[in-house]
Structure formats: C-alpha cells, structure tokens
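Peer 1: There's a structure below that I have some questions on.
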Amino acid sequence: MRHLLDIDDLSPDELRHIVEQAKRPPESLEPVLDRQGVACYFEKPSARTRNSTELAVVQLGGHPVYITDSEVGIGTRESPEDVTRTLACYHRVICARVFDHGLLERMAGLDVVPVVNLLSDGAHPLQAIADVLTVEAEYGSMAGRTVTYVGDSNNVTRSLALAVGMLGGSIRISSPPGHRFSAVDRDRLSAAGIEPEEVDRPEDAVKGADVVYTDTWVSMGQEGEREERLQAFEGFTVDERLMALSSTAIFLHCLPAHRGEEVTDGVLDGDRSRVWAQAANRLDAARAVLHWICGQSGEAGSVEGQPR
Ligand code: CP
Ligand code: NVA
C-alpha cells in the first residue's frame, strides 16, 4: 500500500509518471474508482483543493464524501486510528487536509487505506504537482529551469522544492531570517539529492529566474502571529519592481493571495501571471494522483484481515 504525504514518497520516475498522466485527457484514464468512495477530510477551509479533489474523484468514476473535523471528532469523539479504520470500511482512499502532519502519519501508518495529503503544516504535494504542470506548459520541461521562491519557507515551499529538484530543475529561495528552511528540511531535501540555493535579498534571487513563486506570509493556523509576520516579511513583496529584475519569468502563487502583502495586484493580474492556469491544473494533478494510488493497492474494506 502506498501513501502520498509529500513528494518524496514518490521516486523521481513515479513523479514523472504522475505528471505525464495528469497531462492526459480525463476520459483517457481508466475509471479506477468505479462506484467507490473517497473520504475528503478537512480541518481547514479550501476552495481549490476541495473542488479539484471532489471533481477528480467523479472523473475517475467514484463518489467523494466531504467530512469535517466537527463531524468525526478525531481525538475527541474517537481516536485517529479508529476514525481511519472506520473510513477504510467505506472508502478506497482517504484524502485529508490537517493542521498536524503527524496525524497523516498516524493514519497512513495503519496501512489500511491509501492516504493522500491535501495540505498539512508540513507539505502540500498536490499543489507541487500542479505547479510542475504549469511550468511545463510554459517551458516544455522542468529540467534546467530555475524556480525562485520569495517569502515564507513553508509547506508549499517544501513540496515545491522537492518536485522541482526531483525533476531536474533548480530551486532558489529568499526568506527572511527565522522563516527559512530548518536543518531537518534541508536534510530531507539533501536525501533527495536537492540543495536549494538560499539568497538573502529577493532582488538577487529573481535575477535569471524562469519562475517567481510566492505564498502567504501567514499560513492557516498561524493567524495569531500575523502582526509579527507582516513585519518580518517587509521587503519580500513580489511587486512590479521585483518582477522587472527578471525580464521573462512567469509568476506563480498557490492561492489564496493576500493582495498588497506577499504580492501586488499588478503582478497577480499582470501578463506574466499564470495563477489561474495553475489553479486549473490542480484538477489534473488530483486525478493523476488518485489514479496512480489506486493502482498501487488492493480494494477498500479489508481492515486488519477482516474480510467483508
Ligand atoms: N492552493 C490551495 O490549496 O488552495 P485552497 O486552500 O483554496 O484549497
Ligand atoms: N501556506 C498556505 C497554503 C494555502 C494553500 C497555508 O498553509 O495556509
């Protein structure tokens, strides 16, 4: 049984396979979820992820069931393990957006049903696959391209760095002190053969880049640190002046954008922005991941050797 908690759960070949499958028309993929359920568990809000995941399930012939924490009460009404075992009785896959990445590891650790990360504090792998699709639609290949990320080194950055590096691109990151990758993050990237270039000044980081990428300075769950973060990230806004330092780079943002904070209206709505293509690519990424993961494991509903 396979899970996708972050991009490095895949080999580079598997990542390439998923990216290529994502480029195929939906009707050309076998409906591997034929009449089966997919649990879509959300502890945080979502526009792109919920909609793209639910539609991807339908395109593969399955039925998505949206579940919130207030309903199932993981850790309050029932243990994470018992909720996972219960959902495995009905669903072919559990897709989950959680605060604590450790919860995904507990769910996946049971190996009763494939678990797909729909964003945690640690990672956002489906986003990174959509990001690759957007870069490859523009440039043909990720190999040899330089992606510069400006802002908070967060869940999105970790998965992006893995995906870019595993497909032969270079990742350059400019974050203020205190908001850079930890030693643990660097070790993990290093284990995948990836050494991100850290550049202090965003102005230096964007020069020669093919892609300039940013994300919010205040991720979901960090709202209490908002004022302190806005101060820390002063000077890291991706604005027209910064984009002008790289004459041809496209602009990406996972969204939701905080206009006037990490990005200006002029950049987000400008000629070099590809954010709506990027959002649309979330559907292709979700479908390809679900298709792949269903090919890696058996049928739903056989928890701990208790056949139905
Ligand atoms: N990019 C992304 O994950 O968007 P949502 O939070 O709206 O799902
Ligand atoms: N880093 C952001 C991404 C939102 C899609 C967050 O975790 O809130």
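All residue names refer to the structure tokens as shown: chains lettered A, B, ... in order, residues numbered from 1 in each chain, ligands numbered from 1 in order.
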Around ligand 1, out to 9 Å and counting only C-alpha atoms and all ligand atoms, which residues are there? I want them as a PDB file with C-alpha atoms, in the first residue's frame.

Peer 2:
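What ended up in out-v6.pdb:
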ATOM      1  CA  LYS A  44      -9.143  23.844   7.377  1.00  0.00           C
ATOM      2  CA  PRO A  45     -11.003  25.801   4.703  1.00  0.00           C
ATOM      3  CA  SER A  46     -10.344  25.270   0.997  1.00  0.00           C
ATOM      4  CA  ALA A  47     -11.517  26.462  -2.412  1.00  0.00           C
ATOM      5  CA  ARG A  48      -9.134  24.858  -4.929  1.00  0.00           C
ATOM      6  CA  THR A  49      -8.272  21.642  -3.097  1.00  0.00           C
ATOM      7  CA  ARG A  50     -11.773  20.572  -2.150  1.00  0.00           C
ATOM      8  CA  ASN A  51     -13.259  21.312  -5.556  1.00  0.00           C
ATOM      9  CA  SER A  52     -10.436  19.776  -7.582  1.00  0.00           C
ATOM     10  CA  ARG A  97      -6.209  18.436   4.973  1.00  0.00           C
ATOM     11  CA  LEU A 118      -4.375  17.685   0.876  1.00  0.00           C
ATOM     12  CA  LEU A 119      -2.135  20.108   2.868  1.00  0.00           C
ATOM     13  CA  HIS A 124       1.293  20.372   0.059  1.00  0.00           C
ATOM     14  CA  LEU A 126      -0.823  18.057  -4.884  1.00  0.00           C
ATOM     15  CA  GLN A 127      -0.070  21.745  -5.193  1.00  0.00           C
ATOM     16  CA  VAL A 156       4.135  24.841  -0.108  1.00  0.00           C
ATOM     17  CA  MET A 220      -3.666  28.681   8.109  1.00  0.00           C
ATOM     18  CA  HIS A 253       1.136  31.586  -6.451  1.00  0.00           C
ATOM     19  CA  CYS A 254      -0.717  28.607  -4.975  1.00  0.00           C
ATOM     20  CA  LEU A 255      -3.530  30.961  -3.835  1.00  0.00           C
ATOM     21  CA  PRO A 256      -5.325  32.288  -1.863  1.00  0.00           C
ATOM     22  CA  ALA A 279      -5.309  26.661 -10.114  1.00  0.00           C
ATOM     23  CA  ARG A 282      -4.976  21.242  -9.503  1.00  0.00           C
TER      24      ARG A 282
END

Peer 1: Give me the residues near Glu20 in chain A as a ChimeraX atom specification, where near means some atom within 12 Å (using only C-alpha atoms) and where sequence neighbours in that chain fewer than 3 positions away do not count.

Peer 2: /A:13-17,23-25,29,129-130,132-133,136-137,140-141,284-285,287-289,291-292

Peer 1: For the residues in that selection, give me N, CA and C atoms as a PDB file, in the first residue's frame.

Peer 2:
ATOM      1  N   ASP A  13      10.889   8.734 -10.924  1.00  0.00           N
ATOM      2  CA  ASP A  13      10.158   8.120 -12.048  1.00  0.00           C
ATOM      3  C   ASP A  13       8.653   8.117 -11.794  1.00  0.00           C
ATOM      4  N   GLU A  14       8.278   7.836 -10.539  1.00  0.00           N
ATOM      5  CA  GLU A  14       6.838   7.852 -10.220  1.00  0.00           C
ATOM      6  C   GLU A  14       6.271   9.265 -10.341  1.00  0.00           C
ATOM      7  N   LEU A  15       7.045  10.243  -9.880  1.00  0.00           N
ATOM      8  CA  LEU A  15       6.588  11.629 -10.007  1.00  0.00           C
ATOM      9  C   LEU A  15       6.415  11.983 -11.485  1.00  0.00           C
ATOM     10  N   ARG A  16       7.388  11.612 -12.301  1.00  0.00           N
ATOM     11  CA  ARG A  16       7.288  11.870 -13.749  1.00  0.00           C
ATOM     12  C   ARG A  16       6.068  11.171 -14.341  1.00  0.00           C
ATOM     13  N   HIS A  17       5.817   9.931 -13.921  1.00  0.00           N
ATOM     14  CA  HIS A  17       4.653   9.187 -14.420  1.00  0.00           C
ATOM     15  C   HIS A  17       3.363   9.937 -14.081  1.00  0.00           C
ATOM     16  N   LYS A  23      -1.318  15.069 -17.720  1.00  0.00           N
ATOM     17  CA  LYS A  23      -1.432  15.794 -18.991  1.00  0.00           C
ATOM     18  C   LYS A  23      -2.423  15.114 -19.944  1.00  0.00           C
ATOM     19  N   ARG A  24      -2.839  13.894 -19.611  1.00  0.00           N
ATOM     20  CA  ARG A  24      -3.764  13.164 -20.494  1.00  0.00           C
ATOM     21  C   ARG A  24      -5.197  13.640 -20.269  1.00  0.00           C
ATOM     22  N   PRO A  25      -6.039  13.582 -21.305  1.00  0.00           N
ATOM     23  CA  PRO A  25      -7.446  13.982 -21.109  1.00  0.00           C
ATOM     24  C   PRO A  25      -8.111  13.071 -20.079  1.00  0.00           C
ATOM     25  N   LEU A  29      -8.194   8.139 -18.956  1.00  0.00           N
ATOM     26  CA  LEU A  29      -7.771   7.345 -17.780  1.00  0.00           C
ATOM     27  C   LEU A  29      -8.891   6.370 -17.410  1.00  0.00           C
ATOM     28  N   ILE A 129       2.537  19.293  -7.652  1.00  0.00           N
ATOM     29  CA  ILE A 129       2.355  18.621  -8.950  1.00  0.00           C
ATOM     30  C   ILE A 129       1.670  19.575  -9.938  1.00  0.00           C
ATOM     31  N   ALA A 130       0.691  20.332  -9.452  1.00  0.00           N
ATOM     32  CA  ALA A 130       0.054  21.343 -10.318  1.00  0.00           C
ATOM     33  C   ALA A 130       1.058  22.420 -10.722  1.00  0.00           C
ATOM     34  N   VAL A 132       4.292  21.982 -11.181  1.00  0.00           N
ATOM     35  CA  VAL A 132       5.126  21.402 -12.248  1.00  0.00           C
ATOM     36  C   VAL A 132       4.384  21.458 -13.584  1.00  0.00           C
ATOM     37  N   LEU A 133       3.104  21.089 -13.557  1.00  0.00           N
ATOM     38  CA  LEU A 133       2.318  21.113 -14.800  1.00  0.00           C
ATOM     39  C   LEU A 133       2.307  22.516 -15.403  1.00  0.00           C
ATOM     40  N   GLU A 136       5.736  23.272 -16.906  1.00  0.00           N
ATOM     41  CA  GLU A 136       5.986  22.501 -18.131  1.00  0.00           C
ATOM     42  C   GLU A 136       5.089  22.968 -19.276  1.00  0.00           C
ATOM     43  N   ALA A 137       3.899  23.476 -18.973  1.00  0.00           N
ATOM     44  CA  ALA A 137       3.042  24.039 -20.027  1.00  0.00           C
ATOM     45  C   ALA A 137       3.715  25.272 -20.632  1.00  0.00           C
ATOM     46  N   GLY A 140       7.898  23.589 -21.487  1.00  0.00           N
ATOM     47  CA  GLY A 140       8.103  22.255 -22.061  1.00  0.00           C
ATOM     48  C   GLY A 140       8.639  21.250 -21.059  1.00  0.00           C
ATOM     49  N   SER A 141       9.589  21.688 -20.219  1.00  0.00           N
ATOM     50  CA  SER A 141      10.198  20.754 -19.260  1.00  0.00           C
ATOM     51  C   SER A 141      10.633  21.510 -18.000  1.00  0.00           C
ATOM     52  N   ASP A 284      -6.154  18.335 -12.666  1.00  0.00           N
ATOM     53  CA  ASP A 284      -5.374  17.305 -13.389  1.00  0.00           C
ATOM     54  C   ASP A 284      -4.414  16.594 -12.439  1.00  0.00           C
ATOM     55  N   ALA A 285      -3.829  17.356 -11.524  1.00  0.00           N
ATOM     56  CA  ALA A 285      -2.903  16.755 -10.547  1.00  0.00           C
ATOM     57  C   ALA A 285      -3.649  15.781  -9.637  1.00  0.00           C
ATOM     58  N   ARG A 287      -6.448  14.172 -10.152  1.00  0.00           N
ATOM     59  CA  ARG A 287      -6.906  12.973 -10.884  1.00  0.00           C
ATOM     60  C   ARG A 287      -5.751  12.000 -11.107  1.00  0.00           C
ATOM     61  N   ALA A 288      -4.594  12.545 -11.488  1.00  0.00           N
ATOM     62  CA  ALA A 288      -3.441  11.667 -11.756  1.00  0.00           C
ATOM     63  C   ALA A 288      -2.955  10.985 -10.478  1.00  0.00           C
ATOM     64  N   VAL A 289      -2.964  11.695  -9.360  1.00  0.00           N
ATOM     65  CA  VAL A 289      -2.513  11.094  -8.097  1.00  0.00           C
ATOM     66  C   VAL A 289      -3.484   9.989  -7.670  1.00  0.00           C
ATOM     67  N   HIS A 291      -5.478   8.262  -9.527  1.00  0.00           N
ATOM     68  CA  HIS A 291      -5.358   7.156 -10.492  1.00  0.00           C
ATOM     69  C   HIS A 291      -4.136   6.310 -10.143  1.00  0.00           C
ATOM     70  N   TRP A 292      -3.025   6.972  -9.869  1.00  0.00           N
ATOM     71  CA  TRP A 292      -1.788   6.242  -9.550  1.00  0.00           C
ATOM     72  C   TRP A 292      -1.935   5.448  -8.251  1.00  0.00           C
TER      73      TRP A 292
END

Peer 1: Could you jot down the CA of Arg180 in chain A to atom 2 (C, counted along the ligand's line) of ligand 2 separation for me, Å, one decimal place?

Peer 2: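 Rounded to one decimal, the two atoms are 15.0 Å apart.
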
Peer 1: At what distance in Å, to one decimal, does CA of Gly109 in chain A lie from CA of Arg92 in chain A?

Peer 2: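 That distance, rounded to one decimal, is 16.1 Å.
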
Peer 1: Mind checking DSSP for range 73-229 of chain A and telling me the strand (DSSP E) residues as a PyMOL selection string?

Peer 2: chain A and resi 91-97+115-117+146-150+170-174+197-198+211-214

Peer 1: Can you list, as an MDAnalysis selection string, every residue of range 116-307 of chain A that DSSP puts in alpha helix (DSSP H)?

Peer 2: chainID A and resid 125:139 155:166 183:191 202:206 226:232 240:243 265:268 275:294

Peer 1: Mind giving me the straight-line distance from CA of Gly235 in chain A to CA of Pro125 in chain A in Å, one decimal?

Peer 2: 27.9 Å

Peer 1: Restricting the calculation to only C-alpha atoms and all ligand atoms: of A:Gly144, A:Gly73, A:Gly37, A:Gly151, which residue gets closest to ligand 2?

Peer 2: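 For ligand 2, the nearest of the candidates is A:Gly151.
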
Peer 1: Can you tell me, as a ChimeraX atom specification, what residues are no more than 8 Å from range 200-213 of chain A when counting only C-alpha atoms, ignoring any on the same chain fewer than 2 positions away?

Peer 2: /A:135,145-150,172-176,198,215,236,242-243,245-246,248-253

Peer 1: Create the file for the chosen residues now, containing N, CA, C and O atoms and written as a compact mmCIF listing (two decimals), in the first residue's frame.

Peer 2:
# COMPACT_ATOMS: atom_id res chain seq x y z
N VAL A 135 4.58 24.94 -15.00
CA VAL A 135 5.90 25.28 -15.52
C VAL A 135 6.13 24.54 -16.85
O VAL A 135 6.63 25.12 -17.82
N ARG A 145 15.32 24.40 -15.56
CA ARG A 145 14.67 25.67 -15.21
C ARG A 145 14.99 26.09 -13.77
O ARG A 145 15.20 25.23 -12.90
N THR A 146 14.99 27.38 -13.54
CA THR A 146 15.24 27.89 -12.19
C THR A 146 13.95 28.48 -11.63
O THR A 146 13.36 29.38 -12.24
N VAL A 147 13.54 27.95 -10.49
CA VAL A 147 12.35 28.44 -9.80
C VAL A 147 12.81 29.20 -8.57
O VAL A 147 13.50 28.63 -7.70
N THR A 148 12.44 30.46 -8.50
CA THR A 148 12.78 31.27 -7.33
C THR A 148 11.55 31.46 -6.47
O THR A 148 10.50 31.91 -6.97
N TYR A 149 11.66 31.09 -5.21
CA TYR A 149 10.56 31.27 -4.26
C TYR A 149 10.94 32.41 -3.31
O TYR A 149 12.01 32.39 -2.70
N VAL A 150 10.04 33.38 -3.20
CA VAL A 150 10.28 34.54 -2.34
C VAL A 150 9.22 34.55 -1.24
O VAL A 150 8.02 34.54 -1.55
N ARG A 172 15.68 28.14 -5.89
CA ARG A 172 16.36 29.24 -5.20
C ARG A 172 15.34 29.84 -4.23
O ARG A 172 14.18 30.03 -4.63
N ILE A 173 15.75 30.11 -3.03
CA ILE A 173 14.78 30.58 -2.03
C ILE A 173 15.29 31.84 -1.35
O ILE A 173 16.46 31.90 -0.94
N SER A 174 14.41 32.82 -1.21
CA SER A 174 14.75 34.03 -0.47
C SER A 174 13.70 34.26 0.61
O SER A 174 12.55 34.59 0.32
N SER A 175 14.10 34.01 1.85
CA SER A 175 13.20 34.19 3.00
C SER A 175 13.95 34.98 4.07
O SER A 175 15.17 34.87 4.18
N PRO A 176 13.21 35.74 4.89
CA PRO A 176 13.90 36.48 5.96
C PRO A 176 14.39 35.52 7.05
O PRO A 176 13.85 34.42 7.19
N GLU A 198 20.12 29.36 -1.16
CA GLU A 198 19.48 30.37 -0.30
C GLU A 198 20.09 31.73 -0.59
O GLU A 198 21.30 31.89 -0.55
N ASP A 215 3.91 32.72 -1.71
CA ASP A 215 2.73 32.22 -0.99
C ASP A 215 2.52 33.16 0.20
O ASP A 215 3.38 33.99 0.52
N PHE A 236 9.74 41.75 1.20
CA PHE A 236 9.65 40.49 0.45
C PHE A 236 8.41 40.42 -0.44
O PHE A 236 8.07 39.36 -0.97
N LEU A 242 10.22 44.14 -8.49
CA LEU A 242 10.96 42.87 -8.35
C LEU A 242 10.87 42.05 -9.64
O LEU A 242 11.87 41.52 -10.13
N MET A 243 9.65 41.95 -10.19
CA MET A 243 9.47 41.17 -11.42
C MET A 243 10.28 41.76 -12.58
O MET A 243 10.75 41.02 -13.45
N LEU A 245 13.17 42.75 -12.54
CA LEU A 245 14.57 42.32 -12.46
C LEU A 245 14.80 41.00 -13.18
O LEU A 245 15.93 40.59 -13.41
N SER A 246 13.71 40.31 -13.49
CA SER A 246 13.81 39.09 -14.32
C SER A 246 12.90 39.32 -15.51
O SER A 246 11.67 39.28 -15.36
N THR A 248 11.83 37.75 -18.12
CA THR A 248 10.90 36.80 -18.74
C THR A 248 10.20 35.85 -17.76
O THR A 248 9.36 35.06 -18.18
N ALA A 249 10.54 35.90 -16.49
CA ALA A 249 9.98 34.90 -15.55
C ALA A 249 8.46 34.99 -15.49
O ALA A 249 7.89 36.08 -15.51
N ILE A 250 7.82 33.81 -15.40
CA ILE A 250 6.38 33.80 -15.12
C ILE A 250 6.20 33.87 -13.61
O ILE A 250 7.11 33.56 -12.83
N PHE A 251 5.00 34.27 -13.19
CA PHE A 251 4.70 34.39 -11.76
C PHE A 251 3.70 33.30 -11.36
O PHE A 251 2.67 33.11 -12.04
N LEU A 252 3.99 32.61 -10.28
CA LEU A 252 3.08 31.59 -9.73
C LEU A 252 2.76 31.89 -8.27
O LEU A 252 3.57 32.45 -7.53
N HIS A 253 1.59 31.46 -7.85
CA HIS A 253 1.14 31.59 -6.45
C HIS A 253 0.11 30.48 -6.25
O HIS A 253 -0.81 30.33 -7.07

Peer 1: Ranking A:Ile171, A:Ala286, A:Cys89, A:Leu162 by minimum distance to Leu189 in chain A and counting only C-alpha atoms, which one comes first?

Peer 2: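 Closest to Leu189 in chain A, using only C-alpha atoms: A:Leu162.
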
Peer 1: Choose the residue, out of A:Trp217, A:Tyr139, A:Tyr90, A:Tyr41, that has the smallest atom-to-atom separation from ligand 2; count only C-alpha atoms and all ligand atoms.

Peer 2: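 Under the stated criterion, the closest residue is A:Trp217.
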
Peer 1: What lies within 8 Å of Pro80 in chain A using only C-alpha atoms, ignoring chain neighbours under 4 positions off, as a VMD selection string?

Peer 2: chain A and resid 74 to 75 84 103 106 to 107

Peer 1: Would you list the contacts of Gly168 in chain A as a list in words, taking every protein, DNA or RNA residue within 7 Å and counting only C-alpha atoms, but skipping same-chain residues closer than 4 positions in sequence?

Peer 2: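 Selected residues are Met142, Ala143, Gly144 and Val164 of chain A.
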